[in-house]
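These notes concern the structure reproduced below.
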Amino acid sequence: MSRPRVAVIGAGAAGLAAAKALLDRGLEPVVHERGERPGGLWVRADPDSPAYASLHLNTSRGRTEFAAFPMPRTWPDYPSADLVAGYLADYADAFGVTGRIRFGTTVTSVERTQDGRWEVATDRGADHYDAVVVANGHNREPRMPAATYPGDFSGVHMHAHAYRDPEPFRDRRILVVGMGNSAMDIAVDASHVSRGPVLLSARRGVHIVPKYLFGRPSDAAGGALAALPWRIRQAVAQTMLRLAVGRPQDYGLPAPAGGLLQNHPTISDTVLSRLTHGEITARPGIVRFEGDRAVFADGRSDVVDIVVWATGYRVTLPFLGERWTGPDPERLPLYKRVFHLDDPSLAFVGLMQSTGAALPVVEAQGELVAAHLAGEYALPDPAGCRRAVARDLRAATARWGDKRPMMRVDFDRYVADLSRERAAGAERLAARPERAFTPVRAREDTR
């Protein structure tokens with residue numbers, strides 16, 4: 001039987017994990033990567049990367065590493081971006097993925113052809129495949145809300161995506177907008193060189209979790225608590241956090257908009273210290289700009305030279321038409337956050353937002369895709385897939401509200417669920433062997 005030929009879009013962690021799983025099963029992945037090295041957003045030399053000089057993992061090494069390729073035990077608990085980029089390049093080499101990557105290649109369109117194959121067009125030409133794995137990440141197109149605020153600002157607007165090091169902030173008055181990990185890192189970096197305290201503005205607060213709690217990486221307890229209902233895990237985690245560092249309000253920050261494990265926490269050892277020393281000062285949301293001043297919701301205003309918008313990214317899949325993504329890719333329904341409901345030979349690895357590390361999640365997703373394309377796993381019938389997606393969306397909305405509920409996954413539970421799903425799919429396949437994925441070429445060979 002012909003081996004499925006699979007296009008993998010992206011050579012970041014998600015694409016590498018998918019390609020490795022496909023190779024393990026004797027399939028033929030071709031990885032399209034517009035950069036010149038594997039590693040995706042972790043490669044600081046890539047001009048499209050959002051990585052900056054001080055960037056480190058915000059999940060611990062032991063909870064972040066691929067199961068098939070542990071990080072060196074001699075590494076720190078929270079490795080730097082450069083170490084992670086090297087780790088991903090070593091992973092690609094170790095499993096034979098590097099030789100499958102077409103570097104410097106931008107995918108421009110992905111279309112289903114009349115014969116049932118997929119045509120993947122790039123800036124270097126087009127090729128045909130039996131399946132496509134989309135693993136391009138979703139930290140590429142900055143969400144830049146500056147234009148939505150009234151008034152004119154005479155200073156400089158920049159997005160966190162453009163930040164590399166704090167030198168441009170030296171002796172300048174800096175306002176950072178946002179409460180995520182990048183916002184905190186940039187505010188801390190800037191506070192060492194800025195003119196006066198860095199202003200940190202947010203409409204809503206978040207829980208701030210230090211990288212260590214009671215002498216251990218703060219995410220170490222996650223696996224032990226994973227079997228508990230999330231509400232109980234939330235109560236335990238919030239109690240531990242309050243005992244260790246208090247509440248965000250104790251540092252002048254806004255109260256969190258939701259409970260821990262509902263909204264993604266910010267992981268930072270340093271921002272609370274800089275707040276208590278007056279090197280960073282909290283401000284509420286911006287209401288307007290007036291020349292060189294930012295005016296805030298509490299009526300205060302401050303002179304600002306640079307506004308850094310650490311306001312996240314839009315999910316974009318520019319090479320897929322709306323036929324496949326719908327009007328909003330953030331709301332794209334996928335079975336197990338992997339398989340397209342209309343055609344499971346179009347799969348996605350990494351199009352999710354995890355409560356924990358990303359690498360074990362994309363590793364498990366890649367294994368599920370590879371099992372399907374290798375004929376080892378069968379999905380439920382289409383109606384069953386749609387019911388499962390609707391059920392998962394209801395649960396996610398109840399927990400996370402309207403903030404990307406379709407994309408949200410609970411790290412430990414989701415990874416465990418995908419393992420169970422592979423076993424269930426093998427049982428479905430044993431009962432209905434005709435439901436195994438068969439590449440077009442193999443179907444033609446049997447005519």
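Going by the structure tokens order, chains are called A, B, ..., each with residues numbered from 1, while ligands are numbered from 1 in the order shown.
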Hey, what does DSSP flag as strand (DSSP E or B) within stretch 136-211 of chain A? Can you give it to me as a PyMOL selection string? chain A and resi 141-142+153+156-159+174-177+198-201+205+208-209
How about saving the chosen residues, N, CA and C atoms kept, as a short mmCIF file (atom, residue, chain, number, x, y, z; two decimals), in the first residue's frame?
data_model
loop_
_atom_site.label_atom_id
_atom_site.label_comp_id
_atom_site.auth_asym_id
_atom_site.auth_seq_id
_atom_site.Cartn_x
_atom_site.Cartn_y
_atom_site.Cartn_z
N GLU A 141 0.52 37.33 14.14
CA GLU A 141 -0.10 38.61 13.77
C GLU A 141 -0.48 39.38 15.03
N PRO A 142 0.27 40.43 15.38
CA PRO A 142 0.00 41.16 16.62
C PRO A 142 -1.39 41.78 16.66
N PHE A 153 -1.58 60.51 20.08
CA PHE A 153 -0.42 60.32 20.94
C PHE A 153 0.83 60.76 20.18
N VAL A 156 5.66 57.11 20.77
CA VAL A 156 5.87 55.94 19.91
C VAL A 156 4.98 54.79 20.39
N HIS A 157 4.25 54.18 19.44
CA HIS A 157 3.52 52.94 19.71
C HIS A 157 4.37 51.77 19.21
N MET A 158 4.45 50.70 19.99
CA MET A 158 5.08 49.47 19.50
C MET A 158 4.36 48.28 20.12
N HIS A 159 4.38 47.17 19.41
CA HIS A 159 3.81 45.94 19.95
C HIS A 159 4.92 45.11 20.57
N ILE A 174 8.06 54.93 30.00
CA ILE A 174 7.50 53.74 29.34
C ILE A 174 6.16 53.37 29.97
N LEU A 175 5.20 53.07 29.10
CA LEU A 175 3.91 52.51 29.50
C LEU A 175 3.74 51.17 28.82
N VAL A 176 3.54 50.12 29.61
CA VAL A 176 3.29 48.78 29.08
C VAL A 176 1.82 48.46 29.30
N VAL A 177 1.13 48.04 28.26
CA VAL A 177 -0.29 47.72 28.34
C VAL A 177 -0.45 46.21 28.24
N VAL A 198 8.23 52.41 35.42
CA VAL A 198 7.45 51.93 34.28
C VAL A 198 5.99 51.83 34.70
N LEU A 199 5.10 52.33 33.87
CA LEU A 199 3.67 52.23 34.12
C LEU A 199 3.15 50.93 33.51
N LEU A 200 2.36 50.20 34.27
CA LEU A 200 1.80 48.93 33.82
C LEU A 200 0.28 49.06 33.87
N SER A 201 -0.33 49.09 32.70
CA SER A 201 -1.77 49.37 32.60
C SER A 201 -2.55 48.14 32.19
N GLY A 205 -7.38 42.38 35.93
CA GLY A 205 -6.23 41.76 36.55
C GLY A 205 -6.11 40.29 36.23
N ILE A 208 -0.94 36.33 39.52
CA ILE A 208 0.50 36.31 39.25
C ILE A 208 1.13 35.21 40.09
N VAL A 209 1.72 34.24 39.40
CA VAL A 209 2.27 33.07 40.05
C VAL A 209 3.79 33.12 39.94
#
Skip stretch 47-53 of chain A itself and residues of its chain fewer than 4 positions away, then list as a ChimeraX atom specification all residues within 8 Å of it, counting only C-alpha atoms. /A:40-43,81,139-140,160-165
For A:Ala89, the nearest of the candidates A:Arg37, A:Glu322, A:Asp292, A:Val134, counting only C-alpha atoms: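 So, comparing all the options, the nearest one is A:Arg37.
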Mind checking which residues fall within 7 Å of stretch 103-111 of chain A, counting only C-alpha atoms, ignoring those fewer than 5 positions away in the same chain, and posting them as a PyMOL selection string? chain A and resi 32-36+118-124+319-320
Export C-alpha atoms of the chosen residues as a PDB file, in the first residue's frame?
ATOM      1  CA  HIS A  32       7.236  23.687   4.952  1.00  0.00           C
ATOM      2  CA  GLU A  33       9.001  26.347   7.038  1.00  0.00           C
ATOM      3  CA  ARG A  34       9.406  29.969   6.022  1.00  0.00           C
ATOM      4  CA  GLY A  35      12.353  30.487   8.366  1.00  0.00           C
ATOM      5  CA  GLU A  36      15.869  29.137   7.982  1.00  0.00           C
ATOM      6  CA  TRP A 118      -4.545  18.320  -1.247  1.00  0.00           C
ATOM      7  CA  GLU A 119      -2.675  20.904  -3.315  1.00  0.00           C
ATOM      8  CA  VAL A 120      -0.264  22.941  -1.218  1.00  0.00           C
ATOM      9  CA  ALA A 121       1.015  26.006  -3.064  1.00  0.00           C
ATOM     10  CA  THR A 122       4.111  27.847  -1.878  1.00  0.00           C
ATOM     11  CA  ASP A 123       6.248  30.696  -3.113  1.00  0.00           C
ATOM     12  CA  ARG A 124       8.380  27.989  -4.751  1.00  0.00           C
ATOM     13  CA  PHE A 319      -3.331  29.975   3.380  1.00  0.00           C
ATOM     14  CA  LEU A 320      -6.695  28.350   4.205  1.00  0.00           C
TER      15      LEU A 320
END
Could you work out how far atom CA of A:Ile267 lies from atom CA of A:Ala220, giving the answer in Å with one decimal?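 Distance reported for this atom pair: 13.5 Å.
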Shell of 12 Å around stretch 382-396 of chain A, only C-alpha atoms, local chain residues under 3 positions omitted, as a PyMOL selection string: chain A and resi 230+261-263+331-344+353-354+378-379+399-410+414+421+435
Point-to-point distance in Å for atom CA of A:Ala183 and atom CA of A:Asn136: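 These atoms are spaced 23.3 Å apart.
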Which of A:Thr148, A:Ile9, A:Arg428, A:Asp250 sits closest to A:Ala347 [using only C-alpha atoms]: A:Ile9
What's around A:Ala426 at 7 Å? Count only C-alpha atoms, leave out sequence neighbours fewer than 4 positions away in its own chain, and write the answer as a list of chain:residue names.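 These residues fall inside the cut-off: A:Glu376, A:Tyr377, A:Ala378, A:Arg422, A:Ala430.
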Write the selection just made, keeping N, CA and C atoms, as a tab-separated table (two decimals), in the first residue's frame?
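Contents of the output file result-v2.tsv:
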chain	number	residue	atom	x	y	z
A	376	GLU	N	-4.11	3.33	12.01
A	376	GLU	CA	-4.14	2.68	13.32
A	376	GLU	C	-5.28	3.18	14.20
A	377	TYR	N	-6.00	4.16	13.73
A	377	TYR	CA	-6.98	4.86	14.58
A	377	TYR	C	-8.13	5.32	13.69
A	378	ALA	N	-9.34	5.16	14.16
A	378	ALA	CA	-10.52	5.65	13.45
A	378	ALA	C	-11.28	6.64	14.31
A	422	ARG	N	-6.78	7.64	21.59
A	422	ARG	CA	-6.07	6.75	20.67
A	422	ARG	C	-6.49	5.30	20.88
A	430	ALA	N	-10.96	-1.65	14.96
A	430	ALA	CA	-11.08	-3.11	14.98
A	430	ALA	C	-12.49	-3.56	14.65
Give the answer as one residue: which of A:Gly116, A:Gly178, A:Gly425, A:Pro29 has the shortest atom-to-atom distance to A:Gly375, using only C-alpha atoms?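 The answer is A:Gly425, which sits nearest to A:Gly375.
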Run DSSP on the backbone and give me the residues of stretch 164-398 of chain A it puts in helix (DSSP H, G or I), as JSON, numbers by chain. {"A": [167, 168, 169, 181, 182, 183, 184, 185, 186, 187, 188, 189, 190, 191, 222, 223, 224, 225, 230, 231, 232, 233, 234, 235, 236, 237, 238, 239, 240, 241, 242, 243, 244, 245, 248, 249, 250, 251, 271, 272, 273, 274, 275, 276, 322, 323, 324, 325, 329, 330, 331, 359, 360, 361, 362, 363, 364, 365, 366, 367, 368, 369, 370, 371, 372, 373, 382, 383, 384, 385, 386, 387, 388, 389, 390, 391, 392, 393, 394, 395, 396, 397, 398]}
